[in-house]
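**Q** Contents of data_28.txt (compact mmCIF, C-alpha atoms):
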```
# COMPACT_ATOMS: atom_id res chain seq x y z
CA MET N 295 0.00 0.00 0.00
CA THR N 296 1.40 3.39 -0.91
CA THR N 297 1.60 6.22 1.57
CA ARG N 298 -0.42 9.26 0.47
CA VAL N 299 1.56 12.51 0.68
CA VAL N 300 0.18 16.05 0.37
CA HIS N 301 2.84 18.66 -0.36
CA TYR N 302 2.53 22.37 0.51
CA ILE N 303 4.59 24.91 -1.46
CA ASN N 304 4.31 28.64 -2.23
CA GLN N 305 3.26 30.38 -5.44
CA PHE N 306 6.85 30.71 -6.62
CA PHE N 307 7.64 27.00 -6.44
CA ALA N 308 4.19 26.23 -7.91
CA GLY N 309 5.39 28.10 -10.99
CA LEU N 310 2.94 31.00 -10.74
CA GLY N 311 5.50 33.78 -10.35
CA GLY N 312 7.33 35.77 -7.68
CA GLU N 313 6.37 38.85 -5.67
CA ASP N 314 3.91 39.93 -8.37
CA THR N 315 1.73 36.90 -7.55
CA ALA N 316 2.31 36.84 -3.77
CA THR N 317 -1.38 37.48 -3.14
CA VAL N 318 -2.83 34.46 -4.99
CA PRO N 319 -5.35 32.58 -2.82
CA PRO N 320 -5.00 28.95 -1.66
CA ALA N 321 -5.35 26.35 -4.43
CA SER N 322 -4.37 22.77 -5.17
CA LYS N 323 -3.87 20.28 -7.96
CA ALA N 324 -3.51 16.53 -8.16
CA GLY N 325 -0.02 15.07 -8.16
CA ALA N 326 3.43 16.53 -7.56
CA ALA N 327 4.54 19.99 -8.72
CA GLY N 328 7.77 21.96 -8.67
CA PRO N 329 10.18 20.55 -6.06
CA GLY N 330 7.58 17.86 -5.31
CA ARG N 331 8.61 15.99 -8.47
CA LYS N 332 12.15 15.48 -7.20
CA LEU N 333 10.79 14.70 -3.73
CA ALA N 334 8.54 12.02 -5.24
CA GLN N 335 11.55 10.42 -6.96
CA LEU N 336 13.50 10.39 -3.71
CA LEU N 337 10.59 8.87 -1.81
CA GLY N 338 10.23 6.01 -4.30
CA ASP N 339 7.32 3.73 -5.13
CA ASP N 340 6.04 3.28 -1.58
CA PHE N 341 4.92 6.91 -1.56
CA GLU N 342 2.69 8.96 -3.81
CA ILE N 343 2.33 12.74 -3.77
CA VAL N 344 -1.44 12.77 -4.31
CA ALA N 345 -1.85 16.54 -4.24
CA THR N 346 0.10 19.79 -4.14
CA VAL N 347 -1.41 22.71 -2.22
CA TRP N 348 -0.09 26.26 -2.61
CA CYS N 349 -0.80 29.85 -1.64
CA GLY N 350 0.76 33.26 -2.33
CA ASP N 351 3.23 34.30 0.36
CA ASP N 352 1.51 37.56 1.34
CA HIS N 353 -1.80 35.78 1.66
CA ALA N 354 -0.38 32.78 3.50
CA ALA N 355 1.29 34.92 6.18
CA GLY N 356 -2.00 36.67 6.94
CA PRO N 357 -4.88 35.78 9.22
CA GLU N 358 -7.71 33.35 8.53
CA VAL N 359 -6.13 31.55 5.59
CA MET N 360 -5.22 28.42 7.50
CA ASP N 361 -8.76 26.96 7.50
CA ASP N 362 -8.86 27.16 3.70
CA LEU N 363 -5.43 25.62 3.34
CA LEU N 364 -6.21 22.83 5.75
CA ALA N 365 -9.47 22.07 3.93
CA LEU N 366 -7.50 21.62 0.67
CA VAL N 367 -4.99 19.40 2.46
CA ARG N 368 -7.71 17.31 4.10
CA ALA N 369 -9.64 16.91 0.85
CA ALA N 370 -6.70 14.97 -0.61
CA GLY N 371 -6.81 12.40 2.20
CA PRO N 372 -3.14 12.47 3.22
CA ASP N 373 -1.27 9.99 5.38
CA VAL N 374 1.56 12.52 5.62
CA VAL N 375 1.67 16.29 5.09
CA VAL N 376 5.00 17.73 3.88
CA THR N 377 5.72 21.47 3.66
CA GLY N 378 8.62 23.27 2.00
CA PRO N 379 11.59 23.47 1.77
CA ALA N 380 11.18 27.17 2.59
CA PHE N 381 14.91 27.99 2.99
CA THR N 382 15.15 31.45 4.70
CA SER N 383 12.00 32.85 3.08
CA GLY N 384 10.05 34.27 6.03
CA ARG N 385 6.48 34.36 4.80
CA TYR N 386 6.84 30.97 3.09
CA GLY N 387 8.40 29.54 6.25
CA LEU N 388 5.55 30.77 8.44
CA ALA N 389 3.03 29.15 6.11
CA CYS N 390 4.97 25.87 5.98
CA ALA N 391 5.19 25.75 9.77
CA ARG N 392 1.53 26.60 10.28
CA VAL N 393 0.25 24.09 7.72
CA ALA N 394 2.38 21.37 9.34
CA ALA N 395 1.20 22.45 12.81
CA ALA N 396 -2.47 22.43 11.76
CA ALA N 397 -2.13 18.97 10.19
CA ALA N 398 -0.35 17.61 13.26
CA ALA N 399 -3.07 19.08 15.50
CA GLU N 400 -5.60 17.02 13.51
CA GLY N 401 -3.58 13.88 14.08
CA ILE N 402 -2.08 13.76 10.56
CA ALA N 403 1.64 12.98 10.42
CA ALA N 404 3.45 16.11 9.22
CA VAL N 405 6.93 17.50 8.70
CA ALA N 406 8.13 20.97 7.63
CA CYS N 407 11.47 21.88 6.05
CA MET N 408 13.24 25.25 6.35
CA HIS N 409 16.54 26.86 7.34
CA PRO N 410 17.15 27.17 11.13
CA ASP N 411 17.09 31.01 10.78
CA ASN N 412 13.62 31.03 9.21
CA PRO N 413 11.19 33.04 11.38
CA GLY N 414 8.57 30.35 10.89
CA ILE N 415 10.54 27.79 12.80
CA ASP N 416 8.79 28.30 16.16
CA GLU N 417 5.31 28.09 14.60
CA ALA N 418 5.29 24.39 13.76
CA GLY N 419 3.49 23.34 16.91
CA THR N 420 4.05 19.64 17.53
CA ALA N 421 5.17 18.97 13.94
CA PRO N 422 8.91 18.42 13.49
CA VAL N 423 10.99 20.76 11.32
CA VAL N 424 14.07 19.53 9.44
CA ALA N 425 16.78 21.86 8.15
CA SER N 426 16.98 23.02 4.57
CA GLY N 427 19.83 25.04 3.11
CA GLU N 428 19.72 28.83 3.12
CA VAL N 429 18.74 29.37 -0.50
CA ALA N 430 16.95 27.47 -3.25
CA ARG N 431 20.27 26.58 -4.85
CA GLN N 432 20.52 24.02 -2.03
CA MET N 433 17.27 22.34 -3.09
CA GLY N 434 18.91 18.97 -3.84
CA PRO N 435 20.45 18.20 -0.44
CA SER N 436 17.47 19.83 1.32
CA LEU N 437 15.07 17.45 -0.43
CA GLU N 438 17.24 14.47 0.52
CA THR N 439 17.03 15.45 4.19
CA LEU N 440 13.31 16.01 3.82
CA ALA N 441 12.66 12.69 2.03
CA ALA N 442 14.45 10.73 4.76
CA ALA N 443 12.41 12.60 7.39
CA VAL N 444 9.15 11.89 5.54
CA ARG N 445 9.89 8.15 5.59
CA LYS N 446 10.46 8.22 9.34
CA VAL N 447 7.45 10.40 10.11
CA ALA N 448 5.23 8.15 7.96
CA ALA N 449 6.47 5.16 9.95
CA GLY N 450 5.60 6.92 13.19
CA GLU N 451 9.24 7.21 14.25
CA PRO N 452 10.46 10.32 16.13
CA LEU N 453 12.94 12.68 14.47
CA GLY N 454 16.06 13.88 16.26
CA ALA N 455 19.04 16.09 15.57
CA ASP N 456 20.65 13.29 13.54
CA ASP N 457 17.77 13.54 11.07
CA GLY N 458 18.46 17.24 10.58
CA ARG N 459 15.74 18.25 13.00
CA VAL N 460 15.90 21.91 14.05
CA GLY N 461 13.78 24.29 16.10
CA LYS N 462 12.05 23.18 19.24
CA ILE N 463 13.10 19.61 19.94
CA PRO N 464 11.13 18.24 22.87
CA ARG N 465 13.32 17.90 25.95
CA ARG N 466 13.92 14.43 27.28
CA ASN N 467 15.40 13.62 30.65
CA VAL N 468 18.67 11.75 30.37
CA THR N 469 21.35 10.82 32.87
CA VAL N 470 24.76 12.29 32.10
CA ASP N 471 28.09 11.09 33.43
CA ARG N 472 29.41 14.41 34.69
CA THR N 473 27.92 16.96 37.10
CA SER N 474 27.11 20.47 35.90
CA ALA N 475 30.18 21.80 37.75
CA GLU N 476 32.44 19.43 35.85
CA ARG N 477 30.80 20.31 32.54
CA ALA N 478 31.10 24.04 33.27
CA VAL N 479 34.83 23.70 33.97
CA ALA N 480 35.24 21.68 30.78
CA LEU N 481 33.52 24.48 28.81
CA VAL N 482 35.76 27.14 30.39
CA LEU N 483 38.84 25.08 29.51
CA ALA N 484 37.57 24.63 25.97
CA ARG N 485 37.06 28.39 25.72
CA LEU N 486 40.54 29.11 27.03
CA GLY N 487 41.78 26.65 24.44
CA GLY N 488 40.27 28.82 21.70
CA ASP N 489 36.92 27.08 21.18
CA ARG N 490 34.35 29.88 20.72
CA GLU N 491 31.47 27.59 19.79
CA ALA N 492 31.09 24.97 22.53
CA THR N 493 27.93 25.51 24.60
CA GLU N 494 25.08 23.62 26.20
CA VAL N 495 22.68 26.54 25.64
CA PRO N 496 22.86 27.88 22.08
CA LEU N 497 21.88 31.58 21.89
CA PRO N 498 19.52 32.91 19.24
CA ARG N 499 21.36 33.92 16.10
CA PHE N 500 20.89 37.20 14.28
CA ASP N 501 20.94 36.65 10.57
CA GLN N 502 21.93 39.02 7.81
CA VAL N 503 19.26 41.35 6.46
CA THR N 504 19.35 42.35 2.82
CA PRO N 505 18.18 45.99 2.72
CA ALA N 506 15.08 46.72 0.65
CA GLN N 507 15.30 48.91 -2.41
CA PRO N 508 14.57 52.54 -1.53
CA VAL N 509 11.26 54.11 -2.53
CA THR N 510 11.74 56.13 -5.68
CA ASP N 511 9.54 59.03 -4.64
CA VAL N 512 8.30 59.51 -1.07
CA THR N 513 6.06 62.36 -2.17
CA THR N 514 3.81 59.85 -3.94
CA ALA N 515 4.37 56.86 -1.61
CA LEU N 516 2.01 55.26 0.90
CA VAL N 517 3.91 55.33 4.21
CA ALA N 518 3.04 53.46 7.44
CA LEU N 519 3.82 54.30 11.05
CA VAL N 520 4.68 51.24 13.16
CA THR N 521 6.08 50.95 16.68
CA GLU N 522 7.22 48.55 19.35
CA GLY N 523 6.45 51.24 21.95
CA ALA N 524 3.15 49.65 23.03
CA LEU N 525 1.04 52.77 22.36
CA VAL N 526 -2.62 51.74 22.55
CA PRO N 527 -6.02 53.39 23.18
CA ASP N 528 -6.17 54.40 26.82
CA ALA N 529 -8.22 51.42 28.04
CA ASN N 530 -5.90 48.95 26.25
CA PRO N 531 -9.02 47.33 24.76
CA ASP N 532 -7.16 44.40 23.22
CA SER N 533 -4.99 43.70 26.26
CA LEU N 534 -1.58 44.16 24.65
CA GLU N 535 1.03 42.55 26.88
CA SER N 536 3.54 44.92 28.53
CA ALA N 537 6.33 42.34 28.22
CA ARG N 538 7.12 39.17 26.29
CA ALA N 539 4.47 40.09 23.73
CA THR N 540 3.07 37.22 21.69
CA ARG N 541 1.07 39.35 19.31
CA TRP N 542 0.64 42.73 17.65
CA LEU N 543 -2.32 45.03 17.07
CA ARG N 544 -3.53 47.67 14.65
CA TYR N 545 -5.35 50.94 15.37
CA SER N 546 -7.01 53.27 12.90
CA LEU N 547 -5.55 56.68 12.08
CA ASP N 548 -8.33 57.57 9.65
CA GLY N 549 -9.61 61.06 10.35
CA ARG N 550 -7.03 61.60 13.08
CA ASP N 551 -4.44 64.36 12.98
CA VAL N 552 -3.20 63.95 16.54
CA LEU N 553 -2.98 61.35 19.29
CA PRO N 554 -4.13 63.26 22.39
CA ALA N 555 -2.83 62.51 25.88
CA GLY N 556 -5.52 60.72 27.80
CA GLU N 557 -6.85 58.96 24.69
CA PHE N 558 -3.70 56.94 24.04
CA ARG N 559 -1.06 55.59 26.38
CA SER N 560 1.89 53.26 26.32
CA VAL N 561 1.57 49.98 28.22
CA HIS N 562 5.24 49.11 27.62
CA GLY N 563 6.74 47.51 30.72
CA GLY N 564 10.36 48.19 29.85
CA PHE N 565 10.66 51.95 30.51
CA SER N 566 8.90 54.75 32.38
CA THR N 567 5.88 55.67 30.27
CA VAL N 568 5.41 59.10 31.93
CA TRP N 569 6.75 61.01 28.89
CA ALA N 570 4.88 58.84 26.39
CA ASN N 571 1.60 59.37 28.21
CA GLU N 572 2.21 63.14 28.48
CA ASP N 573 2.45 63.27 24.68
CA PRO N 574 1.79 60.04 22.70
CA HIS N 575 3.52 61.60 19.66
CA ARG N 576 6.78 60.83 21.44
CA ILE N 577 6.05 57.19 20.48
CA VAL N 578 3.99 57.53 17.27
CA PRO N 579 4.81 60.83 15.48
CA LEU N 580 1.40 61.29 13.88
CA ASP N 581 1.35 65.09 14.27
CA ALA N 582 4.58 65.59 12.34
CA ALA N 583 3.68 62.93 9.76
CA ARG N 584 0.27 64.52 9.09
CA GLN N 585 1.92 67.91 8.67
CA LEU N 586 4.37 66.47 6.13
CA GLU N 587 1.51 64.70 4.38
CA ALA N 588 -0.42 67.98 4.11
CA GLU N 589 2.67 69.69 2.70
CA GLY N 590 3.10 66.93 0.10
CA ALA N 591 6.36 65.54 1.53
CA ILE N 592 4.61 62.20 2.12
CA GLY N 593 2.27 60.88 -0.59
CA LYS N 594 -0.20 59.44 1.89
CA LEU N 595 -0.11 58.08 5.41
CA HIS N 596 -1.38 54.51 5.84
CA GLY N 597 -4.79 54.44 7.55
CA GLU N 598 -3.67 52.57 10.65
CA TYR N 599 -0.60 52.07 12.79
CA LEU N 600 0.76 48.68 13.82
CA VAL N 601 1.96 48.16 17.36
CA THR N 602 3.49 45.63 19.70
CA ALA N 603 5.51 45.80 22.91
CA GLY N 604 9.22 45.22 22.35
CA ASN N 605 10.17 44.18 25.85
CA GLY N 606 11.79 40.82 26.44
CA THR N 607 10.20 39.67 23.19
CA SER N 608 11.67 36.42 21.93
CA VAL N 609 13.72 36.71 18.76
CA GLY N 610 11.38 34.17 17.19
CA ASN N 611 8.25 36.22 17.94
CA ALA N 612 9.94 39.47 16.88
CA ARG N 613 10.88 37.90 13.55
CA ARG N 614 7.35 36.66 13.10
CA PHE N 615 5.89 40.13 13.85
CA GLY N 616 8.23 41.60 11.23
CA VAL N 617 7.20 39.06 8.62
CA GLU N 618 3.49 39.52 9.40
CA TRP N 619 3.78 43.31 9.38
CA ALA N 620 5.54 43.25 6.04
CA ALA N 621 2.93 40.95 4.51
CA ASP N 622 0.08 43.01 5.95
CA LEU N 623 1.55 46.30 4.70
CA ARG N 624 2.37 44.86 1.27
CA ARG N 625 -1.20 43.62 0.86
CA GLN N 626 -2.37 47.18 1.43
CA GLY N 627 0.12 48.76 -0.94
CA VAL N 628 2.36 50.38 1.67
CA GLN N 629 5.78 51.24 0.20
CA ALA N 630 7.78 52.38 3.23
CA ALA N 631 7.55 52.41 7.02
CA LEU N 632 8.78 54.46 9.94
CA LEU N 633 9.37 52.19 12.96
CA THR N 634 9.85 53.85 16.33
CA ALA N 635 11.64 51.76 18.93
CA THR N 636 12.19 52.39 22.62
CA MET I 190 10.22 44.11 6.89
CA GLU I 191 13.28 45.22 4.92
CA ARG I 192 13.83 41.65 3.77
CA ALA I 193 10.28 41.53 2.45
CA GLY I 194 10.93 44.64 0.41
CA ILE I 195 9.57 47.44 2.60
CA PRO I 196 12.27 50.03 3.31
CA THR I 197 11.89 50.83 7.01
CA ALA I 198 13.51 53.65 8.96
CA LEU I 199 14.17 52.53 12.53
CA LEU I 200 13.97 55.56 14.84
CA CYS I 201 15.67 54.57 18.08
CA ASN I 202 18.15 55.53 20.73
CA LEU I 203 20.09 52.25 21.03
CA THR I 204 21.76 52.52 17.65
CA SER I 205 24.57 50.10 18.49
CA ILE I 206 22.02 47.31 19.00
CA ALA I 207 20.12 48.35 15.88
CA GLU I 208 23.35 48.08 13.87
CA ARG I 209 24.31 44.76 15.44
CA VAL I 210 20.98 43.10 14.54
CA GLY I 211 21.34 44.40 11.01
CA ALA I 212 18.65 47.11 10.73
CA PRO I 213 19.59 48.77 7.44
CA ARG I 214 18.20 52.31 7.98
CA ILE I 215 18.62 53.86 11.44
CA VAL I 216 17.67 57.37 12.61
CA PRO I 217 19.31 58.06 16.01
CA THR I 218 16.97 59.58 18.63
CA ARG I 219 17.58 61.00 22.09
CA GLY I 220 16.05 58.79 24.73
CA ILE I 221 14.66 55.33 25.21
CA PRO I 222 11.23 56.46 26.55
CA TYR I 223 10.60 59.05 23.80
CA PRO I 224 11.94 58.02 20.36
CA THR I 225 10.16 60.90 18.58
CA GLY I 226 10.41 63.52 21.26
CA ASP I 227 12.66 65.24 23.76
CA PRO I 228 10.83 66.58 26.83
CA SER I 229 13.78 68.82 27.74
CA LEU I 230 13.19 71.07 24.72
CA GLY I 231 9.82 72.62 25.53
CA ALA I 232 6.73 72.09 23.38
CA GLU I 233 7.58 74.15 20.32
CA LYS I 234 11.19 73.04 19.87
CA GLU I 235 10.19 69.45 20.59
CA ARG I 236 7.66 69.52 17.73
CA ALA I 237 10.36 70.86 15.41
CA TRP I 238 12.76 68.10 16.55
CA ARG I 239 10.09 65.44 15.91
CA ARG I 240 9.47 66.83 12.45
CA ARG I 241 13.19 66.65 11.65
CA LEU I 242 13.33 63.03 12.81
CA VAL I 243 10.38 62.09 10.58
CA GLU I 244 11.91 63.99 7.63
CA ARG I 245 15.18 62.14 8.19
CA GLY I 246 13.27 58.84 8.26
CA LEU I 247 11.69 59.72 4.93
CA GLU I 248 15.13 60.50 3.50
CA ALA I 249 16.38 57.15 4.82
CA VAL I 250 13.66 55.10 3.09
CA ALA I 251 14.41 56.94 -0.16
CA THR I 252 18.17 56.20 0.04
CA ALA I 253 19.86 53.02 -1.19
CA VAL I 254 21.93 51.30 1.53
CA HIS I 255 23.98 48.12 1.56
CA LYS I 256 24.55 47.69 5.29
CA PRO I 257 23.29 49.19 8.57
CA THR I 258 23.51 52.93 8.00
CA LEU I 259 22.89 55.84 10.40
CA PHE I 260 20.86 58.86 9.26
CA PRO I 261 21.43 61.38 12.08
CA VAL I 262 19.54 64.67 12.15
CA ASP I 263 21.92 67.40 11.09
CA ARG I 264 22.67 69.54 14.17
CA GLU I 265 22.56 72.75 12.14
CA THR I 266 18.96 72.25 11.19
CA GLU I 267 17.61 71.49 14.66
```
Can the structure in the file be given as structure tokens, please?
**A**
Amino acid sequence: MTTRVVHYINQFFAGLGGEDTATVPPASKAGAAGPGRKLAQLLGDDFEIVATVWCGDDHAAGPEVMDDLLALVRAAGPDVVVTGPAFTSGRYGLACARVAAAAAAEGIAAVACMHPDNPGIDEAGTAPVVASGEVARQMGPSLETLAAAVRKVAAGEPLGADDGRVGKIPRRNVTVDRTSAERAVALVLARLGGDREATEVPLPRFDQVTPAQPVTDVTTALVALVTEGALVPDANPDSLESARATRWLRYSLDGRDVLPAGEFRSVHGGFSTVWANEDPHRIVPLDAARQLEAEGAIGKLHGEYLVTAGNGTSVGNARRFGVEWAADLRRQGVQAALLTAT
Amino acid sequence: MERAGIPTALLCNLTSIAERVGAPRIVPTRGIPYPTGDPSLGAEKERAWRRRLVERGLEAVATAVHKPTLFPVDRETE
């Protein structure tokens, strides 16, 4: 009996185009497509890719798309759901992780594939993630890692670091030979010996950011104000966290020229908010931006500002907010942003 | 956001951290609790300072950069 595989990819790997088609809605077709063809070869005759599901990156990173995607996945009756490889592509990685997480939550075996720096990596829920290379040029070896992982996941076997598993690996209690004091001394000695890498607690890594192309003409551009300064309507109606934020919010600026004290306040827990609450423009410079808009220096201000609290936020969540903000702003035609940070 | 193609001016005080994490366009500000303000200036001068910061941010998003780059407000125009 062959194992039925459903493969999730983005619009680019489905052959529909790049950023110009990043808003295409969820869709599917029978059989393998794009990198799925090579994956099918690697998996051999015991497996069949029965359907390929895809979605545009901007759409897939947004809210309320997951139900549609999962319905397409479910309709193909998979034994295993495979997503990616997404490499370091943020929006694609988020979608791969979430599709795998949603499938796993329904009891369907699932595995996602992306680079360890991909912001989607913490979104895979209970589904395992195996490492891909950084860029699509590394498709070949990435698919080999993925195919081996698919075989194991289909057989109900757990994946570990030896299988290329990355991201959150469930902790297991084990007995080690040496006490923590002995291990600490060994690490110090290793460090003195020139080893800069040895550690029992790897720190988050900051990856390289390729700067965006500049806007050609700000006087015709749609510009957004965004902030991690936790400025919200006075009652904090959506209960933004003051620290370790897990989400972000949006508030309308339509018809507003100013953000009066008393109507808005900062709920940030990482600094004294006295000055912010005295004059909310110290966090979100709406007054100055409106003035520049009226004078024609800004084409148009975006109709809402995006906000979170940047205080003890995990690198993973911060990356995800950035990816989601970018997708949200792109969907609405925003060309540049001013991000105030405390 | 920059990676996804949206040029983004980061207005912040801790520019060394901003550079270290790779933010491409950075406008240095004067205090952690008030990125687009400076309570020591008095209302009128503070508004002018804020306007300069926003103008500098707009210049930053319209400028090509290849690595983390600072766009300080020119002292003369404060």
**Q** Pick out the closest residue to Arg385 (chain N) from this set: N:His353, N:Arg466, N:Arg368, N:Arg490. Count only C-alpha atoms.
**A**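 Of the candidates, the smallest distance to Arg385 (chain N) is held by N:His353.
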**Q** Using only C-alpha atoms, find the one residue out of N:Pro505, N:Gly387, N:Gly610, N:Pro379 that sits nearest to Lys256 (chain I).
**A** N:Pro505
**Q** Find the residues of chain I in contact range of chain N, meaning any atom within 8 Å when counting all atoms listed in the file, and list them as a PyMOL selection string.
**A** chain I and resi 190-202+210-213+220-228+236+239-240+243+246-247+250-256
**Q** Quick one: distance from CA of Ala404 (chain N) to CA of Ile463 (chain N) in Å, one decimal?
**A** 14.8 Å
**Q** How many Å lie between CA of Thr377 (chain N) and CA of Asp339 (chain N), rounded to one decimal?
**A**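 Value for the CA of Thr377 (chain N)-CA of Asp339 (chain N) distance: 19.9 Å.
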**Q** Mind pulling up the distance from CA of His409 (chain N) to CA of Leu364 (chain N)?
**A**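 Computing it gives 23.2 Å between the two atoms.
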**Q** For each of N:Leu595, N:Leu453, N:Val405, N:Val561, take the minimum atom-to-atom distance to Asp532 (chain N), counting all atoms listed in the file, then give the residue where this is smallest.
**A**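 Between N:Leu595, N:Leu453, N:Val405, N:Val561, the residue approaching Asp532 (chain N) most closely is N:Val561.
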**Q** Which residues are near Arg431 (chain N)? Cut-off 12 Å, all atoms listed in the file, ignore same chain within fewer than 2 positions. Put them as a PyMOL selection string.
**A** chain N and resi 329+379-382+426-429+433-437
**Q** Find, counting only C-alpha atoms, the residue in N:Phe341, N:Ala365, N:Val393, N:Leu547 that gets nearest to Ile303 (chain N).
**A**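 For Ile303 (chain N), the nearest of the given residues is N:Val393.
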**Q** For Thr204 (chain I), work out the shell of residues within 9 Å, counting only C-alpha atoms and skipping chain neighbours fewer than 5 positions away, then give it as a PyMOL selection string.
**A** chain I and resi 209+215-218+259
